[in-house]
file model_18.cif (mmCIF, C-alpha atoms)
data_upload
loop_
_atom_site.label_atom_id
_atom_site.label_comp_id
_atom_site.auth_asym_id
_atom_site.auth_seq_id
_atom_site.Cartn_x
_atom_site.Cartn_y
_atom_site.Cartn_z
CA MET A 84 76.81 -35.51 13.21
CA GLU A 85 75.05 -38.80 13.89
CA PRO A 86 72.03 -38.72 16.21
CA THR A 87 72.56 -40.25 19.62
CA ALA A 88 70.49 -43.13 20.89
CA ALA A 89 68.99 -40.75 23.47
CA GLN A 90 67.96 -38.30 20.73
CA CYS A 91 66.35 -41.13 18.76
CA GLN A 92 64.59 -42.37 21.89
CA ALA A 93 63.20 -38.90 22.57
CA ALA A 94 62.06 -38.56 18.95
CA ALA A 95 60.35 -41.96 19.02
CA GLU A 96 58.55 -41.15 22.28
CA ALA A 97 57.24 -37.87 20.85
CA CYS A 98 56.41 -39.19 17.37
CA ALA A 99 52.70 -39.72 16.64
CA CYS A 100 53.50 -41.93 13.64
CA PHE A 101 55.87 -44.19 15.58
CA ASN A 102 53.46 -44.68 18.46
CA ILE A 103 50.24 -45.01 16.45
CA ARG A 104 51.80 -47.52 14.03
CA ARG A 105 53.15 -49.58 16.92
CA THR A 106 49.73 -49.62 18.60
CA ALA A 107 47.99 -50.33 15.29
CA ARG A 108 50.16 -53.41 14.75
CA LEU A 109 49.16 -54.78 18.16
CA VAL A 110 45.47 -54.04 17.58
CA THR A 111 45.68 -55.67 14.15
CA HIS A 112 47.29 -58.74 15.72
CA VAL A 113 44.41 -59.11 18.20
CA TYR A 114 41.82 -59.06 15.39
CA ASP A 115 43.92 -61.19 13.01
CA GLU A 116 44.32 -63.82 15.71
CA ALA A 117 40.57 -63.89 16.42
CA LEU A 118 39.66 -64.10 12.71
CA ALA A 119 42.32 -66.69 11.81
CA PRO A 120 39.90 -69.67 11.97
CA LEU A 121 37.99 -68.04 9.09
CA LYS A 122 41.18 -67.71 7.04
CA VAL A 123 40.62 -63.98 6.68
CA SER A 124 42.74 -61.11 7.98
CA SER A 125 41.38 -58.15 9.90
CA GLY A 126 42.07 -55.98 6.85
CA GLN A 127 40.05 -58.31 4.64
CA PHE A 128 37.24 -58.44 7.20
CA VAL A 129 37.13 -54.61 7.26
CA ILE A 130 36.84 -54.57 3.45
CA LEU A 131 33.95 -57.05 3.63
CA LEU A 132 32.22 -54.89 6.27
CA ALA A 133 32.66 -51.78 4.14
CA ALA A 134 31.43 -53.58 1.01
CA ARG A 135 28.31 -54.63 2.91
CA ILE A 136 27.72 -51.12 4.20
CA LEU A 137 28.14 -49.59 0.73
CA ASP A 138 25.97 -52.22 -0.98
CA ALA A 139 27.52 -52.26 -4.47
CA GLY A 140 29.76 -49.23 -4.05
CA THR A 141 32.34 -48.20 -6.59
CA MET A 142 36.00 -49.04 -6.22
CA GLN A 143 36.62 -45.38 -5.32
CA GLU A 144 33.92 -45.36 -2.65
CA LEU A 145 35.27 -48.57 -1.13
CA ALA A 146 38.84 -47.24 -1.23
CA GLU A 147 37.71 -44.12 0.64
CA ALA A 148 35.71 -46.15 3.15
CA VAL A 149 38.74 -48.22 4.16
CA SER A 150 41.35 -45.46 3.62
CA LEU A 151 43.33 -47.24 0.92
CA ASP A 152 44.46 -45.93 -2.43
CA ARG A 153 42.88 -47.70 -5.39
CA SER A 154 45.96 -49.75 -6.28
CA ALA A 155 46.31 -51.05 -2.71
CA LEU A 156 42.59 -51.79 -2.65
CA SER A 157 42.86 -53.71 -5.93
CA ARG A 158 45.61 -55.90 -4.47
CA SER A 159 43.56 -56.44 -1.31
CA LEU A 160 40.44 -57.39 -3.28
CA ARG A 161 42.08 -60.15 -5.34
CA PRO A 162 42.01 -62.87 -2.66
CA LEU A 163 38.48 -61.91 -1.62
CA VAL A 164 37.24 -62.12 -5.21
CA ALA A 165 39.16 -65.39 -5.73
CA ARG A 166 37.41 -66.89 -2.68
CA GLY A 167 34.05 -65.74 -4.02
CA LEU A 168 33.44 -63.35 -1.10
CA LEU A 169 33.23 -60.26 -3.30
CA SER A 170 32.42 -59.64 -6.95
CA ILE A 171 33.53 -56.77 -9.15
CA ASN A 172 31.13 -55.80 -11.91
CA VAL A 173 31.12 -53.18 -14.64
CA GLY A 174 28.67 -50.38 -13.82
CA GLN A 175 26.32 -48.61 -16.20
CA ASP A 176 29.21 -46.35 -17.15
CA ARG A 177 31.72 -48.95 -18.39
CA ARG A 178 34.53 -47.13 -16.60
CA ARG A 179 32.83 -47.74 -13.25
CA ARG A 180 33.66 -50.86 -11.30
CA GLU A 181 31.21 -51.79 -8.56
CA VAL A 182 32.21 -54.05 -5.70
CA SER A 183 29.49 -56.24 -4.22
CA ILE A 184 29.54 -58.68 -1.37
CA THR A 185 28.39 -62.16 -2.39
CA ALA A 186 26.27 -64.64 -0.48
CA ASP A 187 29.50 -66.36 0.63
CA GLY A 188 30.84 -63.00 1.80
CA MET A 189 27.66 -62.38 3.79
CA GLN A 190 28.03 -65.83 5.35
CA LEU A 191 31.62 -65.09 6.28
CA LEU A 192 30.50 -61.87 8.00
CA ALA A 193 27.87 -63.84 9.91
CA ASP A 194 30.36 -66.57 10.83
CA GLY A 195 32.92 -63.91 11.72
CA ALA A 196 30.70 -61.99 14.13
CA PRO A 197 31.56 -64.10 17.21
CA HIS A 198 35.27 -64.04 16.30
CA TRP A 199 35.14 -60.27 15.87
CA GLN A 200 33.33 -60.01 19.23
CA GLN A 201 36.10 -62.08 20.82
CA ALA A 202 38.62 -59.51 19.59
CA GLN A 203 36.42 -56.65 20.83
CA ASP A 204 36.17 -58.30 24.24
CA ARG A 205 39.93 -58.83 24.39
CA MET A 206 40.52 -55.17 23.54
CA GLN A 207 38.03 -54.02 26.18
CA ALA A 208 39.59 -56.31 28.79
CA ALA A 209 43.09 -55.03 28.00
CA LEU A 210 42.16 -51.34 27.91
CA GLY A 211 39.23 -51.23 30.31
CA GLY A 212 35.87 -49.87 29.25
CA ASN A 213 36.88 -46.21 29.49
CA GLY A 214 40.21 -46.86 27.77
CA PHE A 215 38.54 -48.72 24.92
CA GLU A 216 35.90 -46.01 24.44
CA GLY A 217 38.62 -43.36 24.65
CA LEU A 218 40.69 -45.13 22.01
CA LEU A 219 37.70 -45.29 19.66
CA ARG A 220 36.79 -41.66 20.25
CA MET A 221 40.37 -40.46 19.80
CA SER A 222 40.76 -42.55 16.66
CA LYS A 223 37.52 -41.28 15.09
CA ASP A 224 38.20 -37.67 16.06
CA SER A 225 41.78 -37.83 14.78
CA PHE A 226 40.67 -39.39 11.50
CA ALA A 227 38.03 -36.70 11.00
CA ALA A 228 40.47 -33.89 11.76
CA LEU A 229 43.26 -35.25 9.58
CA SER A 230 41.02 -36.07 6.63
CA ALA A 231 39.29 -32.66 6.62
#
call {"tool": "encode", "arguments": {"input": "model_18.cif", "output": "structure tokens"}}
result
Amino acid sequence: MEPTAAQCQAAAEACACFNIRRTARLVTHVYDEALAPLKVSSGQFVILLAARILDAGTMQELAEAVSLDRSALSRSLRPLVARGLLSINVGQDRRRREVSITADGMQLLADGAPHWQQAQDRMQAALGGNGFEGLLRMSKDSFAALSA
């Protein structure tokens, strides 16, 4: 028996995946729009932030920091390496690949700060201060619980 439209509507309304993905796409759009003048996506900006935080972390550490599997991270790194924003070097153990942010990558982070702040401000305006803080708290708490 085929599901009815009403059954599908009820499932969609109760589905964490459906609702979180839909919200995530809108949030991503806000940040992508703000970062567009830098010709970098929000996902790429997040990778640059994580690379700076890790300071020459391994591919595995960077993948974990941004919650991507290594193959998806490798695909995401290509344009950043091609633009000279990141470098990938062989570690002391030749099997280790270390990802480092370059001077150009650091400059992009500096140039991106006001664009990122514009996105932050837009999110806070749309959600209100308590809503924005609640979204961050819920997101961090949910991530911690689901990744435990």
call {"tool": "closest_residue", "arguments": {"input": "model_18.cif", "among": "A:Asp194, A:Glu144, A:Glu116, A:Asp224", "to": "A:Val182", "atoms": "all atoms listed in the file"}}
result
A:Glu144
call {"tool": "residues_near_point", "arguments": {"input": "model_18.cif", "point": "(32.9, -63.6, -1.0)", "cutoff": "7 Å", "atoms": "all atoms listed in the file", "output": "MDAnalysis selection string"}}
result
chainID A and resid 163:164 166:169 184:188
call {"tool": "atom_distance", "arguments": {"input": "model_18.cif", "atom1": "atom CA of A:Leu137", "atom2": "atom CA of A:Glu216"}}
result
25.2 Å
call {"tool": "atom_distance", "arguments": {"input": "model_18.cif", "atom1": "atom CA of A:His198", "atom2": "atom CA of A:Val113"}}
result
10.6 Å
call {"tool": "closest_residue", "arguments": {"input": "model_18.cif", "among": "A:Ala139, A:Ala95, A:Val129, A:Met221", "to": "A:Thr111", "atoms": "only C-alpha atoms"}}
result
A:Val129
call {"tool": "residues_around", "arguments": {"input": "model_18.cif", "residues": "A:Gly195", "least_positions_apart": "3", "cutoff": "10 Å", "atoms": "only C-alpha atoms", "output": "list in words"}}
result
Ala117, Leu118, Ala119, Pro120, Leu121, Val123, Phe128, Met189, Gln190, Leu191, Leu192, His198, Trp199, Gln200 and Gln201 of chain A
call {"tool": "closest_residue", "arguments": {"input": "model_18.cif", "among": "A:Leu109, A:Ile136, A:Met142, A:Met84", "to": "A:Ala202", "atoms": "all atoms listed in the file"}}
result
A:Leu109
call {"tool": "closest_residue", "arguments": {"input": "model_18.cif", "among": "A:Ala89, A:Ser222, A:Leu210, A:Thr141", "to": "A:Gln175", "atoms": "all atoms listed in the file"}}
result
A:Thr141
call {"tool": "atom_distance", "arguments": {"input": "model_18.cif", "atom1": "atom CA of A:Ala231", "atom2": "atom CA of A:Arg178"}}
result
27.8 Å
call {"tool": "residues_around", "arguments": {"input": "model_18.cif", "residues": "A:Gln127", "least_positions_apart": "5", "cutoff": "10 Å", "atoms": "all atoms listed in the file", "output": "JSON, numbers by chain"}}
result
{"A": [115, 118, 122, 132, 133, 159, 160, 162, 163]}
